file input-v3.cif (mmCIF, C-alpha atoms)
data_entry
#
loop_
_atom_site.label_atom_id
_atom_site.label_comp_id
_atom_site.auth_asym_id
_atom_site.auth_seq_id
_atom_site.Cartn_x
_atom_site.Cartn_y
_atom_site.Cartn_z
CA MET M 1 -1.76 76.85 69.99
CA ARG M 2 0.04 77.39 66.71
CA LYS M 3 0.12 74.90 63.88
CA LEU M 4 2.66 72.21 64.59
CA PHE M 5 5.81 72.34 62.47
CA THR M 6 7.74 69.09 62.01
CA ILE M 7 11.51 69.23 62.40
CA LEU M 8 13.55 66.39 60.93
CA VAL M 9 16.66 65.88 63.04
CA GLY M 10 19.59 64.40 61.17
CA SER M 11 22.80 62.83 62.34
CA LEU M 12 24.13 63.91 65.74
CA LEU M 13 27.49 64.46 64.06
CA MET M 14 26.13 67.32 61.95
CA THR M 15 27.22 70.79 63.00
CA THR M 16 24.91 73.23 64.73
CA HIS M 17 25.11 75.37 61.59
CA ALA M 18 23.41 72.61 59.62
CA TYR M 19 20.29 73.08 61.74
CA ALA M 20 20.06 76.86 61.33
CA ALA M 21 17.12 76.92 58.88
CA ASP M 22 15.06 74.46 60.91
CA ALA M 23 15.95 76.28 64.13
CA ASN M 24 14.77 79.62 62.77
CA GLN M 25 11.52 78.08 61.58
CA LEU M 26 10.89 76.39 64.92
CA ALA M 27 11.69 79.61 66.80
CA GLN M 28 9.00 81.41 64.83
CA ASP M 29 6.47 78.59 65.08
CA ALA M 30 6.83 77.54 68.73
CA ILE M 31 5.79 79.55 71.79
CA ILE M 32 8.97 80.90 73.39
CA VAL M 33 8.70 82.10 76.99
CA ASP M 34 11.61 83.80 78.73
CA THR M 35 10.91 84.27 82.44
CA HIS M 36 13.60 86.83 83.22
CA ILE M 37 14.45 89.98 81.26
CA ASP M 38 15.60 93.07 83.15
CA ALA M 39 14.42 95.74 80.71
CA PRO M 40 12.35 97.70 83.29
CA THR M 41 15.37 98.46 85.47
CA GLU M 42 17.25 99.78 82.47
CA LEU M 43 14.30 101.92 81.38
CA LEU M 44 14.46 103.84 84.66
CA VAL M 45 18.21 104.33 84.29
CA GLU M 46 17.82 105.68 80.76
CA TRP M 47 14.66 105.58 78.67
CA ARG M 48 14.95 103.74 75.36
CA ASP M 49 12.07 103.07 73.01
CA LEU M 50 12.14 99.26 72.98
CA GLY M 51 9.63 99.20 70.15
CA ILE M 52 12.47 99.99 67.76
CA SER M 53 16.02 98.72 67.39
CA THR M 54 18.27 99.69 70.32
CA ASP M 55 21.59 98.72 71.88
CA ARG M 56 19.75 96.75 74.57
CA GLU M 57 19.57 92.96 74.69
CA PHE M 58 15.78 93.02 74.49
CA ASP M 59 13.70 95.12 72.11
CA TYR M 60 10.87 94.38 69.70
CA PRO M 61 12.95 93.78 66.54
CA LYS M 62 15.31 91.41 68.37
CA ALA M 63 12.39 89.59 70.02
CA ARG M 64 10.65 89.04 66.71
CA GLN M 65 13.87 87.95 65.01
CA GLY M 66 14.47 85.41 67.78
CA GLY M 67 10.85 84.21 67.91
CA LEU M 68 10.24 85.39 71.48
CA ASP M 69 6.52 85.42 72.29
CA ILE M 70 6.31 86.02 76.06
CA ALA M 71 8.88 88.08 77.95
CA PHE M 72 8.60 88.35 81.73
CA MET M 73 9.71 91.86 82.60
CA SER M 74 11.70 91.81 85.84
CA ILE M 75 10.45 94.39 88.33
CA TYR M 76 13.69 94.52 90.29
CA THR M 77 14.45 96.51 93.44
CA SER M 78 17.72 96.37 95.35
CA PRO M 79 18.33 95.76 99.04
CA GLY M 80 19.58 99.34 99.25
CA GLU M 81 16.31 100.68 97.85
CA ASP M 82 14.48 98.55 100.39
CA LYS M 83 16.48 100.08 103.25
CA GLN M 84 15.69 103.55 101.91
CA ASN M 85 11.96 102.70 101.80
CA LYS M 86 11.96 103.32 98.03
CA ALA M 87 11.30 99.77 96.79
CA ARG M 88 7.51 100.02 96.47
CA GLN M 89 7.64 103.29 94.56
CA ILE M 90 10.39 102.08 92.22
CA ALA M 91 8.52 98.85 91.50
CA ASN M 92 5.42 100.79 90.52
CA MET M 93 7.50 103.16 88.39
CA GLN M 94 8.95 100.19 86.49
CA ILE M 95 5.46 98.83 85.84
CA ASP M 96 4.45 102.32 84.67
CA ALA M 97 7.42 102.34 82.27
CA ILE M 98 6.34 99.06 80.65
CA GLU M 99 2.74 100.26 80.43
CA ALA M 100 4.00 103.40 78.69
CA LEU M 101 5.96 101.24 76.25
CA VAL M 102 2.85 99.21 75.41
CA GLN M 103 0.75 102.36 74.98
CA ARG M 104 3.42 103.77 72.65
CA HIS M 105 3.37 100.58 70.54
CA PRO M 106 -0.05 98.86 70.84
CA ASP M 107 0.67 97.19 67.48
CA LYS M 108 3.81 95.52 68.85
CA PHE M 109 3.33 94.80 72.56
CA ALA M 110 0.54 93.67 74.89
CA ILE M 111 0.42 92.99 78.63
CA LEU M 112 -0.16 89.34 79.54
CA THR M 113 -1.69 88.43 82.89
CA SER M 114 -2.99 84.92 82.18
CA PRO M 115 -1.75 82.00 80.06
CA ALA M 116 -5.33 81.66 78.81
CA ASP M 117 -4.87 84.88 76.83
CA VAL M 118 -1.73 83.93 74.92
CA ASP M 119 -3.39 82.97 71.63
CA ARG M 120 -5.70 85.99 71.57
CA LEU M 121 -3.07 88.58 72.47
CA SER M 122 -0.21 87.19 70.39
CA ALA M 123 -2.06 87.67 67.12
CA ASN M 124 -0.45 89.90 64.48
CA GLY M 125 3.06 89.58 65.82
CA HIS M 126 2.59 91.03 69.29
CA VAL M 127 5.28 90.32 71.88
CA LEU M 128 3.53 89.70 75.19
CA LEU M 129 4.96 91.29 78.33
CA ALA M 130 4.27 89.73 81.73
CA TYR M 131 5.53 91.00 85.09
CA GLY M 132 7.76 89.14 87.51
CA MET M 133 8.89 90.91 90.69
CA GLU M 134 12.54 90.24 91.57
CA ASN M 135 12.87 90.76 95.33
CA GLY M 136 9.79 90.83 97.54
CA ALA M 137 10.94 94.12 99.12
CA PRO M 138 8.09 96.23 97.63
CA ILE M 139 5.63 94.26 99.76
CA GLY M 140 7.20 95.66 102.91
CA ASP M 141 5.44 94.34 106.00
CA ASP M 142 2.03 94.66 104.36
CA LEU M 143 0.57 91.39 103.10
CA SER M 144 -2.20 93.31 101.30
CA GLN M 145 0.41 94.67 98.87
CA LEU M 146 0.43 91.24 97.22
CA GLU M 147 -3.13 91.74 96.05
CA LYS M 148 -2.31 95.26 94.86
CA PHE M 149 0.66 94.09 92.81
CA HIS M 150 -1.38 91.18 91.49
CA ALA M 151 -3.92 93.74 90.29
CA ARG M 152 -1.11 95.54 88.47
CA GLY M 153 -0.22 92.30 86.68
CA VAL M 154 2.63 90.78 88.73
CA ARG M 155 2.52 87.02 88.20
CA TYR M 156 5.63 85.81 89.99
CA ILE M 157 7.74 87.07 92.87
CA THR M 158 11.36 86.17 93.61
CA LEU M 159 11.15 86.32 97.40
CA ALA M 160 14.64 87.77 98.02
CA HIS M 161 17.61 88.96 95.99
CA SER M 162 21.24 89.55 97.00
CA GLN M 163 20.56 90.08 100.72
CA SER M 164 18.24 88.40 103.18
CA ASN M 165 15.07 90.40 103.75
CA ARG M 166 11.97 90.27 105.90
CA ILE M 167 10.62 87.36 103.81
CA SER M 168 13.52 85.01 103.20
CA ASP M 169 17.24 84.35 103.39
CA SER M 170 19.27 84.99 100.25
CA SER M 171 21.78 82.55 98.79
CA TYR M 172 24.32 85.37 98.46
CA ASP M 173 23.98 86.65 102.03
CA PRO M 174 26.27 84.97 104.61
CA ASN M 175 23.81 86.14 107.27
CA HIS M 176 21.01 83.56 107.06
CA GLN M 177 18.96 85.27 109.73
CA TRP M 178 15.85 83.11 109.31
CA ASN M 179 17.43 79.75 108.45
CA GLY M 180 15.00 79.67 105.56
CA LEU M 181 11.75 81.63 105.34
CA SER M 182 10.69 84.06 108.04
CA PRO M 183 7.30 83.63 109.75
CA PHE M 184 6.10 86.52 107.58
CA GLY M 185 7.56 84.79 104.54
CA GLU M 186 5.44 81.73 105.23
CA LYS M 187 2.36 83.97 105.13
CA VAL M 188 3.60 85.53 101.90
CA VAL M 189 3.86 82.13 100.21
CA ALA M 190 0.36 81.14 101.37
CA GLU M 191 -1.11 84.42 100.10
CA MET M 192 0.70 84.08 96.77
CA ASN M 193 -0.79 80.60 96.42
CA ARG M 194 -4.24 82.05 97.09
CA LEU M 195 -3.84 84.80 94.51
CA GLY M 196 -2.25 82.61 91.86
CA ILE M 197 1.13 84.39 91.94
CA MET M 198 3.97 82.00 91.14
CA VAL M 199 6.60 81.63 93.87
CA ASP M 200 10.11 82.02 92.46
CA VAL M 201 12.95 80.40 94.42
CA SER M 202 15.89 81.70 92.37
CA HIS M 203 18.25 83.67 94.64
CA LEU M 204 17.02 81.94 97.82
CA SER M 205 19.13 79.97 100.26
CA ASP M 206 18.78 76.19 100.19
CA ASP M 207 16.86 76.20 103.47
CA ALA M 208 14.47 78.83 102.13
CA VAL M 209 13.83 76.82 98.95
CA ALA M 210 13.11 73.76 101.08
CA ASP M 211 10.69 75.79 103.21
CA VAL M 212 8.84 77.06 100.13
CA LEU M 213 8.49 73.53 98.77
CA LYS M 214 7.16 72.37 102.11
CA ILE M 215 4.64 75.19 102.50
CA SER M 216 3.38 75.84 98.98
CA SER M 217 0.17 74.10 97.96
CA VAL M 218 1.00 74.52 94.25
CA PRO M 219 4.13 73.99 92.12
CA VAL M 220 6.97 76.49 92.44
CA ILE M 221 9.44 77.79 89.87
CA ALA M 222 13.06 78.90 89.63
CA THR M 223 12.89 81.67 87.01
CA HIS M 224 16.59 82.12 86.25
CA SER M 225 18.97 79.59 87.76
CA GLY M 226 21.87 77.44 86.70
CA PHE M 227 22.75 74.02 88.08
CA ARG M 228 25.17 73.80 91.00
CA HIS M 229 26.55 70.58 89.54
CA PHE M 230 28.67 72.81 87.28
CA THR M 231 29.52 75.40 89.98
CA PRO M 232 30.15 73.51 93.26
CA GLY M 233 29.73 75.65 96.35
CA PHE M 234 27.75 78.35 94.51
CA GLU M 235 24.47 78.37 96.44
CA ARG M 236 22.85 80.80 93.99
CA ASN M 237 22.54 77.89 91.54
CA ILE M 238 20.05 75.12 92.25
CA SER M 239 21.27 71.88 93.83
CA ASP M 240 20.38 68.53 92.31
CA GLU M 241 18.34 67.63 95.38
CA LEU M 242 16.25 70.79 95.30
CA ALA M 243 15.84 70.69 91.52
CA LYS M 244 14.41 67.19 91.81
CA ALA M 245 12.10 68.37 94.59
CA ILE M 246 10.85 71.24 92.40
CA ALA M 247 10.14 68.76 89.60
CA LYS M 248 8.45 66.30 91.95
CA LYS M 249 6.10 69.06 93.04
CA GLY M 250 5.27 69.78 89.40
CA GLY M 251 7.40 72.90 88.96
CA VAL M 252 10.01 74.02 86.46
CA VAL M 253 13.62 75.25 86.52
CA GLN M 254 14.21 78.02 83.96
CA ILE M 255 17.87 78.00 82.93
CA VAL M 256 19.83 81.25 82.97
CA PHE M 257 22.32 82.31 80.27
CA GLY M 258 24.53 84.72 82.24
CA ILE M 259 28.21 83.77 82.34
CA GLY M 260 28.34 84.35 86.11
CA PHE M 261 25.97 81.41 86.59
CA VAL M 262 27.14 78.92 83.97
CA ASN M 263 30.93 79.32 84.04
CA ARG M 264 32.73 77.87 87.09
CA GLN M 265 35.36 80.60 87.38
CA ALA M 266 32.83 83.38 86.89
CA ALA M 267 30.50 81.85 89.48
CA ASP M 268 33.32 81.63 92.01
CA ASP M 269 34.16 85.29 91.33
CA LEU M 270 30.52 86.34 91.65
CA GLN M 271 30.12 84.59 95.00
CA ALA M 272 33.37 86.17 96.21
CA TYR M 273 32.16 89.58 95.05
CA PHE M 274 28.97 89.40 97.10
CA THR M 275 30.94 88.24 100.14
CA ALA M 276 33.40 91.11 99.77
CA SER M 277 30.60 93.57 99.09
CA ALA M 278 28.78 92.50 102.26
CA GLU M 279 31.99 93.03 104.23
CA LEU M 280 32.36 96.51 102.69
CA THR M 281 28.80 97.37 103.66
CA LYS M 282 29.51 96.27 107.22
CA ARG M 283 32.72 98.31 107.38
CA ASN M 284 30.95 101.40 106.09
CA ALA M 285 28.15 100.98 108.60
CA GLU M 286 30.70 100.80 111.41
CA ALA M 287 32.62 103.78 110.01
CA LYS M 288 29.44 105.84 109.74
CA ALA M 289 28.53 105.06 113.35
CA ALA M 290 32.01 106.12 114.43
CA GLY M 291 31.95 109.29 112.35
CA LYS M 292 34.75 108.11 110.09
CA PRO M 293 35.05 108.44 106.26
CA LEU M 294 33.31 105.76 104.19
CA GLU M 295 34.96 103.61 101.55
CA ASP M 296 33.97 104.42 97.96
CA GLU M 297 31.65 101.62 96.76
CA ASP M 298 31.94 102.62 93.08
CA ALA M 299 35.73 102.47 93.30
CA PHE M 300 35.46 99.06 94.95
CA ASP M 301 33.29 97.77 92.08
CA LYS M 302 35.64 99.15 89.40
CA ALA M 303 38.66 97.59 91.07
CA TRP M 304 36.86 94.27 91.42
CA LEU M 305 35.93 94.16 87.74
CA ALA M 306 39.48 95.06 86.73
CA ASN M 307 40.89 92.20 88.82
CA HIS M 308 38.25 89.64 87.85
CA PRO M 309 37.76 89.74 84.06
CA VAL M 310 34.78 87.82 82.72
CA PRO M 311 35.96 84.61 81.02
CA VAL M 312 35.01 84.06 77.39
CA THR M 313 32.25 81.45 77.39
CA LYS M 314 30.72 79.51 74.51
CA ILE M 315 27.07 78.58 74.02
CA ASP M 316 28.01 74.92 74.60
CA VAL M 317 28.27 75.64 78.32
CA VAL M 318 24.60 76.66 78.39
CA LEU M 319 23.63 73.67 76.29
CA ASP M 320 25.39 71.47 78.83
CA GLN M 321 23.12 72.98 81.51
CA PHE M 322 20.00 72.10 79.53
CA GLU M 323 21.18 68.58 78.79
CA TYR M 324 22.07 67.96 82.43
CA ALA M 325 18.72 69.34 83.58
CA VAL M 326 16.71 67.15 81.25
CA LYS M 327 18.56 64.03 82.40
CA LEU M 328 18.21 64.99 86.07
CA ILE M 329 14.61 66.22 86.36
CA GLY M 330 12.96 65.34 83.04
CA ILE M 331 12.00 67.18 79.88
CA ASP M 332 8.74 68.45 81.45
CA HIS M 333 10.49 70.57 84.08
CA VAL M 334 13.02 72.68 82.15
CA GLY M 335 12.68 76.13 80.56
CA ILE M 336 14.38 79.44 79.70
CA GLY M 337 15.19 82.40 81.99
CA SER M 338 17.96 84.26 80.15
CA ASP M 339 18.60 87.29 82.41
CA PHE M 340 18.95 89.53 79.33
CA ASP M 341 19.65 93.15 80.29
CA GLY M 342 20.45 91.98 83.82
CA VAL M 343 24.05 90.78 83.60
CA SER M 344 25.71 93.81 81.98
CA GLY M 345 26.41 92.03 78.71
CA LYS M 346 28.18 89.10 80.38
CA LEU M 347 26.61 86.50 78.10
CA PRO M 348 27.98 83.49 76.18
CA GLU M 349 28.90 83.58 72.52
CA GLY M 350 25.77 82.92 70.48
CA LEU M 351 23.35 84.01 73.23
CA LYS M 352 23.94 87.74 73.36
CA THR M 353 20.42 89.09 72.74
CA ALA M 354 16.78 88.11 72.31
CA ALA M 355 17.51 87.53 68.63
CA ASP M 356 19.58 84.47 69.52
CA TYR M 357 17.04 81.88 70.69
CA PRO M 358 17.42 80.04 67.33
CA ASN M 359 21.06 79.39 68.25
CA LEU M 360 19.89 77.63 71.42
CA ILE M 361 17.38 75.63 69.38
CA ALA M 362 20.02 74.65 66.81
CA GLY M 363 22.32 73.53 69.62
CA LEU M 364 19.59 71.36 71.13
CA GLN M 365 18.78 69.89 67.72
CA ALA M 366 22.44 69.07 67.18
CA ARG M 367 22.39 67.16 70.47
CA GLY M 368 19.47 65.03 69.33
CA TYR M 369 16.47 66.82 70.86
CA LYS M 370 13.36 66.58 68.73
CA ASP M 371 10.62 69.05 67.94
CA ASP M 372 8.19 68.15 70.72
CA ALA M 373 10.88 68.13 73.40
CA ILE M 374 12.30 71.49 72.32
CA ARG M 375 8.82 73.06 72.34
CA LYS M 376 8.43 72.05 75.97
CA ILE M 377 11.72 73.71 76.90
CA LEU M 378 10.98 76.86 74.89
CA GLY M 379 7.74 77.61 76.69
CA GLY M 380 5.31 74.73 76.92
CA ASN M 381 6.47 73.69 80.39
CA LEU M 382 6.21 77.16 81.90
CA LEU M 383 2.76 77.75 80.41
CA ARG M 384 1.57 74.41 81.81
CA VAL M 385 2.82 75.23 85.31
CA TRP M 386 1.50 78.80 85.21
CA THR M 387 -1.92 77.49 84.17
CA GLN M 388 -1.89 75.02 87.04
CA ILE M 389 -0.86 77.62 89.60
CA GLU M 390 -3.47 80.07 88.33
CA ALA M 391 -6.11 77.40 88.78
CA GLY M 392 -4.85 76.66 92.30
CA LYS M 393 -4.24 73.01 91.55
CA GLY M 394 -1.39 71.75 93.73
CA GLY M 395 1.22 69.33 92.53
CA THR M 396 2.54 66.38 94.50
CA LYS M 397 3.62 67.51 97.98
#
call {"tool": "encode", "arguments": {"input": "input-v3.cif", "output": "structure tokens"}}
result
Amino acid sequence: MRKLFTILVGSLLMTTHAYAADANQLAQDAIIVDTHIDAPTELLVEWRDLGISTDREFDYPKARQGGLDIAFMSIYTSPGEDKQNKARQIANMQIDAIEALVQRHPDKFAILTSPADVDRLSANGHVLLAYGMENGAPIGDDLSQLEKFHARGVRYITLAHSQSNRISDSSYDPNHQWNGLSPFGEKVVAEMNRLGIMVDVSHLSDDAVADVLKISSVPVIATHSGFRHFTPGFERNISDELAKAIAKKGGVVQIVFGIGFVNRQAADDLQAYFTASAELTKRNAEAKAAGKPLEDEDAFDKAWLANHPVPVTKIDVVLDQFEYAVKLIGIDHVGIGSDFDGVSGKLPEGLKTAADYPNLIAGLQARGYKDDAIRKILGGNLLRVWTQIEAGKGGTK
């Protein structure tokens, strides 16, 4: 690992600004791992060369400015794409897009498939790109697809997204058809354990998270979640009970930055949106069966956004999440999963792009966190857990 840099933390009454120089130095010196960046989805919408400065939240210049070393590229497919049998193809196209980016800039990016390769591949300022699949839909009903995606570099899978699927119930979906994992989902978890693919429980229903913890022989992770303590009733965020169970099993909760997860009003609105959206989908299905006109989903989304403006949110709200997490589950079980490029710019002040990790560091320093503790949060914890899962060494069951 890199040469240790000592940070002298002064009085807790000092402003965050007073820590800026130390924060920038630590950001460049420590290993920063962000387990959830949605750049691949955006690349398919409109290609941008992320090796140069862009208007996206993640690109090479921003990553280097912020000290980001390892960025998990989210290979996301929607429930709609799953229903259209397009999920597998789209997932592979997103992986192709990232491979093309690396081939375009071999001096800036490299693909990371094992924590053992971090030191070797990160030489000369490379930003390392790992793959995390958000939504297990591309697997379909074929368990052998797990091995194929593992061969392509996928190192974690979020079992479901905004709707329940053939693997697991979703926290957003009022229809918990499996009351946790499906029988097929249990096989998926076992096969992921065998292959060394990390099981991600963000987006899952509480019962599904409990099932994963019961079945998995290795630690599990939540790649981009907030804490429900701050957003009561919002199942998308992790409960205290389940967070402690993840930590007890040796896993880590990676804290998300998106306003919809860390601001109470925004979380309430987001949950209400998914409920209303599910009702719209149901109405349209019934209308289609009856040969009646369908409601315009784009118009619905525009009207919703107009009536539910995103509240201005400060970085302190995210810092509160980190502080609560450390007190609840311990410094060894907390990390970063920003959701950059995945929340349509709905991010707190001071955490708008991949250039802003030093602001998070400065905020933690101002709250009394020292060098070694911050390093764990920035990436040490995730690398430890990934190494353990890759080796097939189970945590406490």
call {"tool": "atom_distance", "arguments": {"input": "input-v3.cif", "atom1": "atom CA of M:Gln28", "atom2": "atom CA of M:Leu112"}}
result
19.1 Å
call {"tool": "closest_residue", "arguments": {"input": "input-v3.cif", "among": "M:Ala245, M:Ser202, M:Val212, M:Ile52", "to": "M:Glu186", "atoms": "all atoms listed in the file"}}
result
M:Val212
call {"tool": "resolve_selection", "arguments": {"input": "input-v3.cif", "expression": "the PyMOL selection byres ((chain M and resi 374-387) around 6)", "output": "PyMOL selection string"}}
result
chain M and resi 31-33+332+334-335+371-373+388-390
call {"tool": "write_last_selection", "arguments": {"input": "input-v3.cif", "atoms": "C-alpha atoms", "output": "mmCIF file, keeping the file's coordinate frame"}}
result
data_model
loop_
_atom_site.group_PDB
_atom_site.id
_atom_site.type_symbol
_atom_site.label_atom_id
_atom_site.label_comp_id
_atom_site.auth_asym_id
_atom_site.auth_seq_id
_atom_site.Cartn_x
_atom_site.Cartn_y
_atom_site.Cartn_z
ATOM 1 C CA ILE M 31 5.790 79.550 71.790
ATOM 2 C CA ILE M 32 8.970 80.900 73.390
ATOM 3 C CA VAL M 33 8.700 82.100 76.990
ATOM 4 C CA ASP M 332 8.740 68.450 81.450
ATOM 5 C CA VAL M 334 13.020 72.680 82.150
ATOM 6 C CA GLY M 335 12.680 76.130 80.560
ATOM 7 C CA ASP M 371 10.620 69.050 67.940
ATOM 8 C CA ASP M 372 8.190 68.150 70.720
ATOM 9 C CA ALA M 373 10.880 68.130 73.400
ATOM 10 C CA GLN M 388 -1.890 75.020 87.040
ATOM 11 C CA ILE M 389 -0.860 77.620 89.600
ATOM 12 C CA GLU M 390 -3.470 80.070 88.330
#
call {"tool": "atom_distance", "arguments": {"input": "input-v3.cif", "atom1": "atom CA of M:Gly337", "atom2": "atom CA of M:Val218"}}
result
20.3 Å
call {"tool": "resolve_selection", "arguments": {"input": "input-v3.cif", "expression": "the PyMOL selection byres ((chain M and resi 238-242) around 12)", "output": "short mmCIF file (atom, residue, chain, number, x, y, z; two decimals) with C-alpha atoms, keeping the file's coordinate frame"}}
result
data_model
loop_
_atom_site.label_atom_id
_atom_site.label_comp_id
_atom_site.auth_asym_id
_atom_site.auth_seq_id
_atom_site.Cartn_x
_atom_site.Cartn_y
_atom_site.Cartn_z
CA SER M 171 21.78 82.55 98.79
CA VAL M 201 12.95 80.40 94.42
CA SER M 202 15.89 81.70 92.37
CA HIS M 203 18.25 83.67 94.64
CA LEU M 204 17.02 81.94 97.82
CA SER M 205 19.13 79.97 100.26
CA ASP M 206 18.78 76.19 100.19
CA ASP M 207 16.86 76.20 103.47
CA ALA M 208 14.47 78.83 102.13
CA VAL M 209 13.83 76.82 98.95
CA ALA M 210 13.11 73.76 101.08
CA ASP M 211 10.69 75.79 103.21
CA VAL M 212 8.84 77.06 100.13
CA LEU M 213 8.49 73.53 98.77
CA LYS M 214 7.16 72.37 102.11
CA VAL M 220 6.97 76.49 92.44
CA ILE M 221 9.44 77.79 89.87
CA ALA M 222 13.06 78.90 89.63
CA THR M 223 12.89 81.67 87.01
CA HIS M 224 16.59 82.12 86.25
CA SER M 225 18.97 79.59 87.76
CA GLY M 226 21.87 77.44 86.70
CA PHE M 227 22.75 74.02 88.08
CA ARG M 228 25.17 73.80 91.00
CA HIS M 229 26.55 70.58 89.54
CA PHE M 230 28.67 72.81 87.28
CA THR M 231 29.52 75.40 89.98
CA PRO M 232 30.15 73.51 93.26
CA GLY M 233 29.73 75.65 96.35
CA PHE M 234 27.75 78.35 94.51
CA GLU M 235 24.47 78.37 96.44
CA ARG M 236 22.85 80.80 93.99
CA ASN M 237 22.54 77.89 91.54
CA ALA M 243 15.84 70.69 91.52
CA LYS M 244 14.41 67.19 91.81
CA ALA M 245 12.10 68.37 94.59
CA ILE M 246 10.85 71.24 92.40
CA ALA M 247 10.14 68.76 89.60
CA LYS M 248 8.45 66.30 91.95
CA LYS M 249 6.10 69.06 93.04
CA GLY M 251 7.40 72.90 88.96
CA VAL M 252 10.01 74.02 86.46
CA VAL M 253 13.62 75.25 86.52
CA GLN M 254 14.21 78.02 83.96
CA ILE M 255 17.87 78.00 82.93
CA VAL M 256 19.83 81.25 82.97
CA PHE M 261 25.97 81.41 86.59
CA VAL M 262 27.14 78.92 83.97
CA GLN M 321 23.12 72.98 81.51
CA TYR M 324 22.07 67.96 82.43
CA ALA M 325 18.72 69.34 83.58
CA VAL M 326 16.71 67.15 81.25
CA LYS M 327 18.56 64.03 82.40
CA LEU M 328 18.21 64.99 86.07
CA ILE M 329 14.61 66.22 86.36
#
call {"tool": "closest_residue", "arguments": {"input": "input-v3.cif", "among": "M:Thr158, M:Thr77, M:Asn165, M:Gln65", "to": "M:Gly125", "atoms": "only C-alpha atoms"}}
result
M:Gln65
call {"tool": "closest_residue", "arguments": {"input": "input-v3.cif", "among": "M:Ala299, M:Leu128, M:Leu26, M:Leu50", "to": "M:Ala71", "atoms": "all atoms listed in the file"}}
result
M:Leu128
call {"tool": "atom_distance", "arguments": {"input": "input-v3.cif", "atom1": "atom CA of M:Leu43", "atom2": "atom CA of M:Tyr156"}}
result
20.2 Å
call {"tool": "resolve_selection", "arguments": {"input": "input-v3.cif", "expression": "the PyMOL selection byres ((chain M and resi 265) around 12)", "output": "list of chain:residue names"}}
result
M:Phe230, M:Thr231, M:Pro232, M:Gly233, M:Phe234, M:Ile259, M:Gly260, M:Phe261, M:Val262, M:Asn263, M:Arg264, M:Ala266, M:Ala267, M:Asp268, M:Asp269, M:Leu270, M:Gln271, M:Ala272, M:His308, M:Pro309, M:Val310, M:Pro311, M:Val312, M:Thr313
call {"tool": "axis_aligned_box", "arguments": {"input": "input-v3.cif", "around": "stretch 374-377 of chain M", "padding_each_side": "4 Å", "output": "lines of an AutoDock Vina configuration file"}}
result
center_x = 10.4
center_y = 72.6
center_z = 74.6
size_x = 11.9
size_y = 10.2
size_z = 12.6
call {"tool": "residues_around", "arguments": {"input": "input-v3.cif", "residues": "M:Lys62", "least_positions_apart": "2", "cutoff": "10 Å", "atoms": "only C-alpha atoms", "output": "list in words"}}
result
Leu50, Gly51, Ile52, Ser53, Thr54, Arg56, Glu57, Phe58, Asp59, Tyr60, Arg64, Gln65, Gly66, Gly67, Leu68, Thr353, Ala354, Ala355, Asp356 and Tyr357 of chain M
